[in-house]
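Enquirer: I'm passing along work.cif; it holds mmCIF, C-alpha atoms.
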```cif
data_final
#
loop_
_atom_site.label_atom_id
_atom_site.label_comp_id
_atom_site.auth_asym_id
_atom_site.auth_seq_id
_atom_site.Cartn_x
_atom_site.Cartn_y
_atom_site.Cartn_z
CA MET A 1272 89.29 132.75 24.38
CA PRO A 1273 91.70 135.70 24.88
CA LYS A 1274 95.06 135.71 23.07
CA TRP A 1275 97.02 135.05 26.26
CA PHE A 1276 95.13 131.86 27.01
CA MET A 1277 97.03 129.39 24.79
CA PRO A 1278 100.55 130.60 25.69
CA ALA A 1279 99.54 130.56 29.36
CA ALA A 1280 98.13 127.04 28.98
CA ILE A 1281 101.41 125.85 27.40
CA VAL A 1282 103.43 127.46 30.21
CA CYS A 1283 101.11 125.89 32.79
CA ALA A 1284 101.41 122.41 31.23
CA ALA A 1285 105.21 122.75 31.14
CA MET A 1286 105.27 123.86 34.79
CA PHE A 1287 103.05 120.94 35.79
CA ALA A 1288 105.34 118.53 33.95
CA ALA A 1289 108.30 120.05 35.80
CA THR A 1290 106.76 119.82 39.28
CA PRO A 1291 107.84 116.21 40.05
CA MET A 1292 111.45 117.11 39.13
CA VAL A 1293 111.35 120.31 41.21
CA ILE A 1294 109.81 118.43 44.15
CA ALA A 1295 112.46 115.71 43.84
CA LEU A 1296 115.07 118.38 44.65
CA ALA A 1297 113.44 119.08 48.03
CA PRO A 1298 114.82 117.08 51.00
CA PHE A 1299 112.70 114.59 52.93
CA GLU A 1300 111.10 115.84 56.13
CA SER A 1301 112.46 114.22 59.30
CA THR A 1302 109.34 112.50 60.65
CA MET A 1303 107.45 111.73 57.43
CA GLY A 1304 110.11 110.86 54.88
CA LEU A 1305 108.97 110.35 51.30
CA VAL A 1306 105.27 110.79 52.05
CA PHE A 1307 106.00 114.42 53.00
CA LYS A 1308 106.30 115.13 49.27
CA ILE A 1309 102.49 114.88 49.04
CA PHE A 1310 102.56 118.26 50.81
CA PHE A 1311 103.77 119.90 47.56
CA TYR A 1312 100.50 118.99 45.82
CA HIS A 1313 98.22 118.92 48.87
CA MET A 1314 98.90 122.43 50.16
CA PRO A 1315 98.57 124.26 46.79
CA SER A 1316 95.34 122.28 46.16
CA ALA A 1317 94.08 123.39 49.57
CA TRP A 1318 94.96 127.02 48.87
CA MET A 1319 93.14 126.91 45.52
CA PHE A 1320 90.19 125.31 47.33
CA LEU A 1321 90.10 128.27 49.74
CA LEU A 1322 90.69 130.75 46.90
CA GLY A 1323 87.74 129.22 45.03
CA GLY A 1324 85.54 129.69 48.09
CA ILE A 1325 86.57 133.35 48.35
CA VAL A 1326 86.09 134.06 44.62
CA CYS A 1327 82.68 132.35 44.70
CA GLY A 1328 81.64 134.29 47.81
CA VAL A 1329 82.82 137.69 46.54
CA ALA A 1330 81.21 137.15 43.12
CA SER A 1331 77.98 136.01 44.80
CA LEU A 1332 77.95 139.08 47.03
CA ARG A 1333 78.46 141.34 44.03
CA TYR A 1334 75.68 139.46 42.21
CA LEU A 1335 73.30 139.92 45.14
CA ILE A 1336 74.10 143.66 45.28
CA THR A 1337 74.21 144.51 41.56
CA ASP A 1338 72.05 141.75 40.03
CA ASP A 1339 74.64 141.56 37.24
CA ALA A 1340 74.64 138.11 35.62
CA ARG A 1341 78.40 138.33 34.93
CA HIS A 1342 79.09 138.01 38.66
CA ASP A 1343 76.73 135.06 38.88
CA ARG A 1344 78.63 133.33 36.08
CA SER A 1345 81.93 133.94 37.89
CA ALA A 1346 80.46 132.55 41.12
CA PHE A 1347 79.19 129.43 39.36
CA ALA A 1348 82.60 128.86 37.75
CA ALA A 1349 84.42 129.37 41.05
CA ALA A 1350 82.04 127.00 42.88
CA GLU A 1351 82.88 124.20 40.47
CA LEU A 1352 86.60 124.84 40.94
CA THR A 1353 86.09 124.87 44.72
CA VAL A 1354 84.55 121.41 44.48
CA LEU A 1355 87.37 120.19 42.23
CA PHE A 1356 90.26 121.50 44.33
CA GLY A 1357 88.44 120.59 47.53
CA LEU A 1358 88.16 117.01 46.32
CA LEU A 1359 91.87 116.93 45.46
CA THR A 1360 92.66 118.31 48.93
CA LEU A 1361 90.39 115.86 50.73
CA VAL A 1362 91.88 112.90 48.83
CA THR A 1363 95.57 113.83 49.03
CA GLY A 1364 95.25 114.76 52.73
CA PRO A 1365 94.22 111.27 53.92
CA LEU A 1366 96.89 109.67 51.69
CA TRP A 1367 99.42 111.78 53.56
CA ALA A 1368 97.76 111.29 56.96
CA ARG A 1369 97.79 107.49 56.63
CA LYS A 1370 101.56 107.51 56.88
CA ALA A 1371 102.12 110.68 58.90
CA TRP A 1372 99.38 110.20 61.52
CA GLY A 1373 98.74 106.46 61.17
CA THR A 1374 95.10 106.99 60.17
CA TRP A 1375 93.21 107.95 57.01
CA TRP A 1376 90.96 110.48 58.72
CA VAL A 1377 90.61 112.39 61.99
CA TRP A 1378 87.68 114.58 62.99
CA ASP A 1379 90.16 117.37 63.46
CA VAL A 1380 88.84 120.95 63.33
CA ARG A 1381 90.58 121.90 60.07
CA VAL A 1382 89.82 118.64 58.31
CA THR A 1383 86.18 118.72 59.40
CA ALA A 1384 85.76 122.42 58.52
CA SER A 1385 87.28 121.73 55.10
CA LEU A 1386 84.82 118.88 54.56
CA VAL A 1387 81.93 121.17 55.58
CA SER A 1388 83.15 123.89 53.19
CA TRP A 1389 83.45 121.37 50.37
CA MET A 1390 79.92 120.13 51.09
CA ILE A 1391 78.63 123.72 50.95
CA SER A 1392 80.17 124.03 47.47
CA VAL A 1393 78.62 120.74 46.39
CA ALA A 1394 75.26 121.99 47.75
CA TYR A 1395 75.75 125.18 45.68
CA LEU A 1396 76.19 123.14 42.49
CA ILE A 1397 73.22 120.86 43.30
CA LEU A 1398 71.08 123.94 43.95
CA ARG A 1399 72.13 125.47 40.63
CA ARG A 1400 71.49 122.20 38.79
CA TYR A 1401 68.11 121.26 40.28
CA GLY A 1402 66.89 124.42 42.06
CA GLY A 1403 64.91 125.78 39.10
CA PRO A 1404 64.24 129.49 38.46
CA GLY A 1405 65.52 131.79 41.20
CA SER A 1406 68.07 129.30 42.48
CA GLU A 1407 70.87 131.73 41.53
CA LYS A 1408 70.00 134.01 44.44
CA LEU A 1409 69.62 131.13 46.91
CA ALA A 1410 72.93 129.68 45.78
CA ALA A 1411 74.57 133.10 46.13
CA GLY A 1412 73.42 133.22 49.75
CA LEU A 1413 74.85 129.75 50.31
CA ALA A 1414 78.18 130.84 48.79
CA LEU A 1415 78.45 133.55 51.46
CA PHE A 1416 78.42 130.83 54.13
CA GLY A 1417 81.10 128.98 52.21
CA MET A 1418 83.26 132.12 52.09
CA ALA A 1419 82.73 132.82 55.80
CA ASN A 1420 84.15 129.36 56.54
CA VAL A 1421 87.44 130.07 54.70
CA PRO A 1422 89.24 132.16 57.36
CA PHE A 1423 87.99 129.73 60.00
CA ILE A 1424 89.62 126.82 58.12
CA TYR A 1425 92.87 128.75 57.78
CA ILE A 1426 93.30 129.91 61.37
CA SER A 1427 91.68 126.89 63.06
CA VAL A 1428 95.01 125.06 63.44
CA ASN A 1429 96.43 127.96 65.43
CA TYR A 1430 93.57 128.21 67.94
CA TRP A 1431 92.32 124.63 68.45
CA ARG A 1432 94.28 121.68 69.68
CA THR A 1433 94.92 119.62 66.56
CA ILE A 1434 97.50 117.33 64.99
CA HIS A 1435 97.19 119.10 61.62
CA PRO A 1436 100.38 121.12 60.95
CA ALA A 1437 100.15 124.78 62.02
CA THR A 1438 100.26 127.68 59.56
CA SER A 1439 103.79 128.38 60.85
CA VAL A 1440 105.25 125.45 58.86
CA VAL A 1441 105.17 127.35 55.55
CA PRO A 1442 107.07 130.51 56.60
CA THR A 1443 109.62 128.39 58.53
CA LEU A 1444 110.40 126.04 55.62
CA PRO A 1445 114.08 125.88 54.66
CA VAL A 1446 114.83 127.36 51.21
CA ASN A 1447 115.30 123.94 49.60
CA MET A 1448 111.76 122.97 50.70
CA GLY A 1449 110.22 126.43 50.24
CA LEU A 1450 111.25 127.01 46.62
CA PRO A 1451 109.67 123.79 45.30
CA LEU A 1452 106.54 124.59 47.32
CA TRP A 1453 106.19 128.10 45.86
CA PHE A 1454 106.85 126.72 42.38
CA CYS A 1455 103.91 124.35 42.92
CA VAL A 1456 101.75 127.15 44.34
CA VAL A 1457 102.37 129.30 41.23
CA THR A 1458 101.64 126.30 38.99
CA PHE A 1459 98.36 125.57 40.78
CA LEU A 1460 97.42 129.26 40.76
CA LEU A 1461 97.99 129.47 37.01
CA THR A 1462 95.94 126.27 36.60
CA PHE A 1463 93.16 127.80 38.67
CA VAL A 1464 93.14 131.01 36.59
CA LEU A 1465 93.05 129.09 33.30
CA LEU A 1466 90.32 126.70 34.45
CA PHE A 1467 88.32 129.63 35.83
CA LYS A 1468 88.60 131.43 32.50
CA MET A 1469 87.48 128.30 30.62
CA ARG A 1470 84.57 127.74 32.98
CA VAL A 1471 83.40 131.38 32.80
CA ARG A 1472 83.61 131.13 29.00
CA LEU A 1473 81.31 128.10 29.16
CA GLU A 1474 78.77 130.07 31.20
CA GLU A 1475 79.01 132.99 28.74
CA GLN A 1476 78.32 130.64 25.83
CA ARG A 1477 75.35 129.15 27.70
CA ALA A 1478 73.98 132.67 28.27
CA ARG A 1479 74.47 133.39 24.57
CA LEU A 1480 72.64 130.16 23.71
CA ASP A 1481 69.72 131.17 25.95
CA ALA A 1482 69.63 134.57 24.21
CA VAL A 1483 69.46 132.92 20.78
CA TYR A 1484 66.64 130.62 21.94
CA LEU A 1485 64.77 133.63 23.31
CA SER A 1486 65.20 135.48 20.03
CA LEU A 1487 63.75 132.45 18.20
CA ASP A 1488 60.73 132.36 20.51
CA GLU A 1489 59.93 136.05 19.96
CA MET B 241 77.29 112.62 89.32
CA CYS B 242 79.34 111.68 86.30
CA SER B 243 81.33 114.22 84.30
CA GLY B 244 82.32 113.57 80.65
CA ALA B 245 85.17 116.07 80.74
CA LEU B 246 88.68 114.69 81.06
CA PRO B 247 91.46 116.52 82.89
CA ALA B 248 93.65 118.57 80.54
CA SER B 249 96.67 116.39 81.31
CA THR B 250 94.80 113.24 80.17
CA VAL B 251 93.66 114.88 76.91
CA SER B 252 97.17 116.09 76.12
CA ALA B 253 98.55 112.60 76.81
CA GLN B 254 96.14 111.04 74.25
CA GLN B 255 96.75 113.47 71.41
CA PRO B 256 100.07 113.76 69.52
CA GLU B 257 101.77 117.16 69.53
CA GLN B 258 100.89 119.64 66.79
CA THR B 259 103.65 120.09 64.16
CA LYS B 260 105.28 123.51 64.50
CA LYS B 261 108.22 123.15 62.15
CA TYR B 262 109.46 120.70 59.47
CA ILE B 263 113.01 119.31 59.69
CA PRO B 264 114.81 117.69 56.69
CA LEU B 265 114.93 113.89 56.96
CA SER B 266 118.63 113.84 56.15
CA GLU B 267 119.23 115.00 59.72
CA LEU B 268 117.85 111.70 61.10
CA PRO B 269 119.35 108.18 61.03
CA PRO B 270 118.20 105.94 58.10
CA ALA B 271 116.23 103.68 60.46
CA GLU B 272 113.78 106.50 61.14
CA GLN B 273 113.09 107.25 57.46
CA LEU B 274 109.60 106.23 56.30
CA PRO B 275 109.28 105.69 52.54
CA ALA B 276 105.71 105.54 51.23
CA ALA B 277 105.96 105.49 47.44
CA ARG B 278 102.49 104.07 46.80
CA LEU B 279 100.74 106.80 48.78
CA LEU B 280 102.84 109.46 47.04
CA VAL B 281 102.19 108.11 43.55
CA GLY B 282 98.50 107.75 44.42
CA ALA B 283 98.26 111.37 45.58
CA TYR B 284 100.06 112.74 42.50
CA SER B 285 97.98 110.56 40.20
CA VAL B 286 94.72 111.75 41.77
CA VAL B 287 95.70 115.40 41.25
CA ILE B 288 96.98 115.00 37.67
CA VAL B 289 94.16 112.71 36.52
CA GLY B 290 91.53 114.84 38.32
CA LEU B 291 92.72 118.05 36.68
CA PHE B 292 93.05 116.37 33.28
CA LEU B 293 89.51 114.94 33.43
CA TYR B 294 88.14 118.33 34.47
CA VAL B 295 89.87 120.06 31.54
CA VAL B 296 88.44 117.43 29.16
CA SER B 297 84.99 117.82 30.73
CA VAL B 298 84.93 121.63 30.42
CA GLY B 299 86.41 121.44 26.90
CA ARG B 300 83.70 119.02 25.76
CA ARG B 301 80.90 121.06 27.33
CA LEU B 302 82.28 124.23 25.76
CA THR B 303 82.54 122.65 22.31
CA THR B 304 78.97 121.32 22.52
CA VAL B 305 77.51 124.69 23.54
CA GLN B 306 79.56 126.62 20.96
CA ARG B 307 78.42 124.27 18.17
CA GLU B 308 74.80 124.68 19.22
CA VAL B 309 75.13 128.47 19.34
CA GLU B 310 76.68 128.51 15.86
CA ARG B 311 74.00 126.18 14.50
CA LEU B 312 71.17 128.25 15.96
CA GLU B 313 72.68 131.55 14.81
CA ALA B 314 73.04 130.13 11.29
CA ASP B 315 69.36 129.03 11.41
CA VAL B 316 68.32 132.50 12.55
CA LYS B 317 70.29 134.11 9.72
CA ARG B 318 68.88 131.69 7.14
CA SER B 319 65.33 132.38 8.21
CA GLY B 320 66.05 136.13 8.08
CA ARG B 321 65.00 136.74 11.67
CA ALA B 322 68.30 138.25 12.84
#
```
Could you quickly redo this structure as structure tokens?

Expert:
Amino acid sequence: MPKWFMPAAIVCAAMFAATPMVIALAPFESTMGLVFKIFFYHMPSAWMFLLGGIVCGVASLRYLITDDARHDRSAFAAAELTVLFGLLTLVTGPLWARKAWGTWWVWDVRVTASLVSWMISVAYLILRRYGGPGSEKLAAGLALFGMANVPFIYISVNYWRTIHPATSVVPTLPVNMGLPLWFCVVTFLLTFVLLFKMRVRLEEQRARLDAVYLSLDE
Amino acid sequence: MCSGALPASTVSAQQPEQTKKYIPLSELPPAEQLPAARLLVGAYSVVIVGLFLYVVSVGRRLTTVQREVERLEADVKRSGRA
């Protein structure tokens, strides 16, 4: 691991430990009350979910163009993080919706598109796990569909009639709500970067292991 | 002939309005405040436990692969094939 990894991991852990205290400083929202505070974990999770989809798609595209295994390893790592953060988003969302909307789930355009995107990432991982030789290229093609869905998820609330909050809620947040949110976003982003680095390292070690096995066979 | 489409006014009456802006709760009377501690604790727990388990999972996988690489590289060196 690079030298910056451990200090960054310590900073990240400290920031995560501080998030409940920072969030506690934010006022309650008028219609949702306490349950609004789920937003401070739900939204950063959702952004990391979308970021994972973009990283996976871009790395897959570069892999398809250059055939460089490093990009494939990055795509694989990002796909796993997309599944992880997608799961966190799809669990925290209904916990919030139960109180805010009075239901666990609605087949709302953003919620449904997020579920579809998450399922594409799960399909990517299943393809990589059980697809056999050549599945890297097929999975890379699948990742492009996942990436294409990302802007659709983001803008969907502005163009379709939906009860999901619009994208305008973030820029219009009062400072005492906005600062805790951005603190959480930075914390989640740092977490994403560190997990991505760890996961890419795992793929590098697996590639090294394959190389050693090949050298033994020769 | 039967049409499945509802007039726009009916659709808008069934669906709650989309949230455009958040307002601090302190601006409302206490009777309208909606505490939901269990949902909040559940959501935070899912995130923290989920991330922790993933870190443990990647750490264990990484350790296993690194050990195997080191073992195999040592075998290769011992047998003089490197």

Enquirer: Mind telling me what the PyMOL selection byres ((chain B) within 7 of (chain A)) catches here, as number ranges by chain?

Expert: B: 256-268, 273-277, 279-280, 283, 286-287, 298, 302, 305-306, 309, 312-313

Enquirer: Go through A:Phe1320, A:Leu1335, A:Lys1274, A:Arg1341 and flag the residue nearest Val1471 in chain A, using all atoms listed in the file for the distances.

Expert: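 When distances to Val1471 in chain A are compared using all atoms listed in the file, the smallest one comes from A:Arg1341.
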
Enquirer: What is the distance, in Å and to one decimal place, between CA of Leu1460 in chain A and CA of Tyr284 in chain B?

Expert: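 Between CA of Leu1460 in chain A and CA of Tyr284 in chain B the gap is 16.8 Å.
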
Enquirer: Report as a PyMOL selection string the residues that result from applying the PyMOL selection byres ((chain A and resi 1353) around 12) to the structure here.

Expert: chain A and resi 1316-1328+1346-1352+1354-1361+1385-1386+1388-1396+1414+1417-1418+1421+1463+1466-1467

Enquirer: Excluding His1342 in chain A and any residue of its chain fewer than 6 positions from it, enumerate the residues within 7 Å of it, using all atoms listed in the file, and give them as a PDB file with C-alpha atoms, keeping the file's coordinate frame.

Expert:
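The file below, part_15.pdb, is the result:
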```pdb
ATOM      1  CA  ALA A1330      81.210 137.150  43.120  1.00  0.00           C
ATOM      2  CA  SER A1331      77.980 136.010  44.800  1.00  0.00           C
ATOM      3  CA  ARG A1333      78.460 141.340  44.030  1.00  0.00           C
ATOM      4  CA  TYR A1334      75.680 139.460  42.210  1.00  0.00           C
TER       5      TYR A1334
END
```

Enquirer: Rank nothing, just name the residue among B:Val289, B:Lys317, B:Val295, B:Arg300 nearest to Ala1280 in chain A, using all atoms listed in the file.

Expert: B:Val295
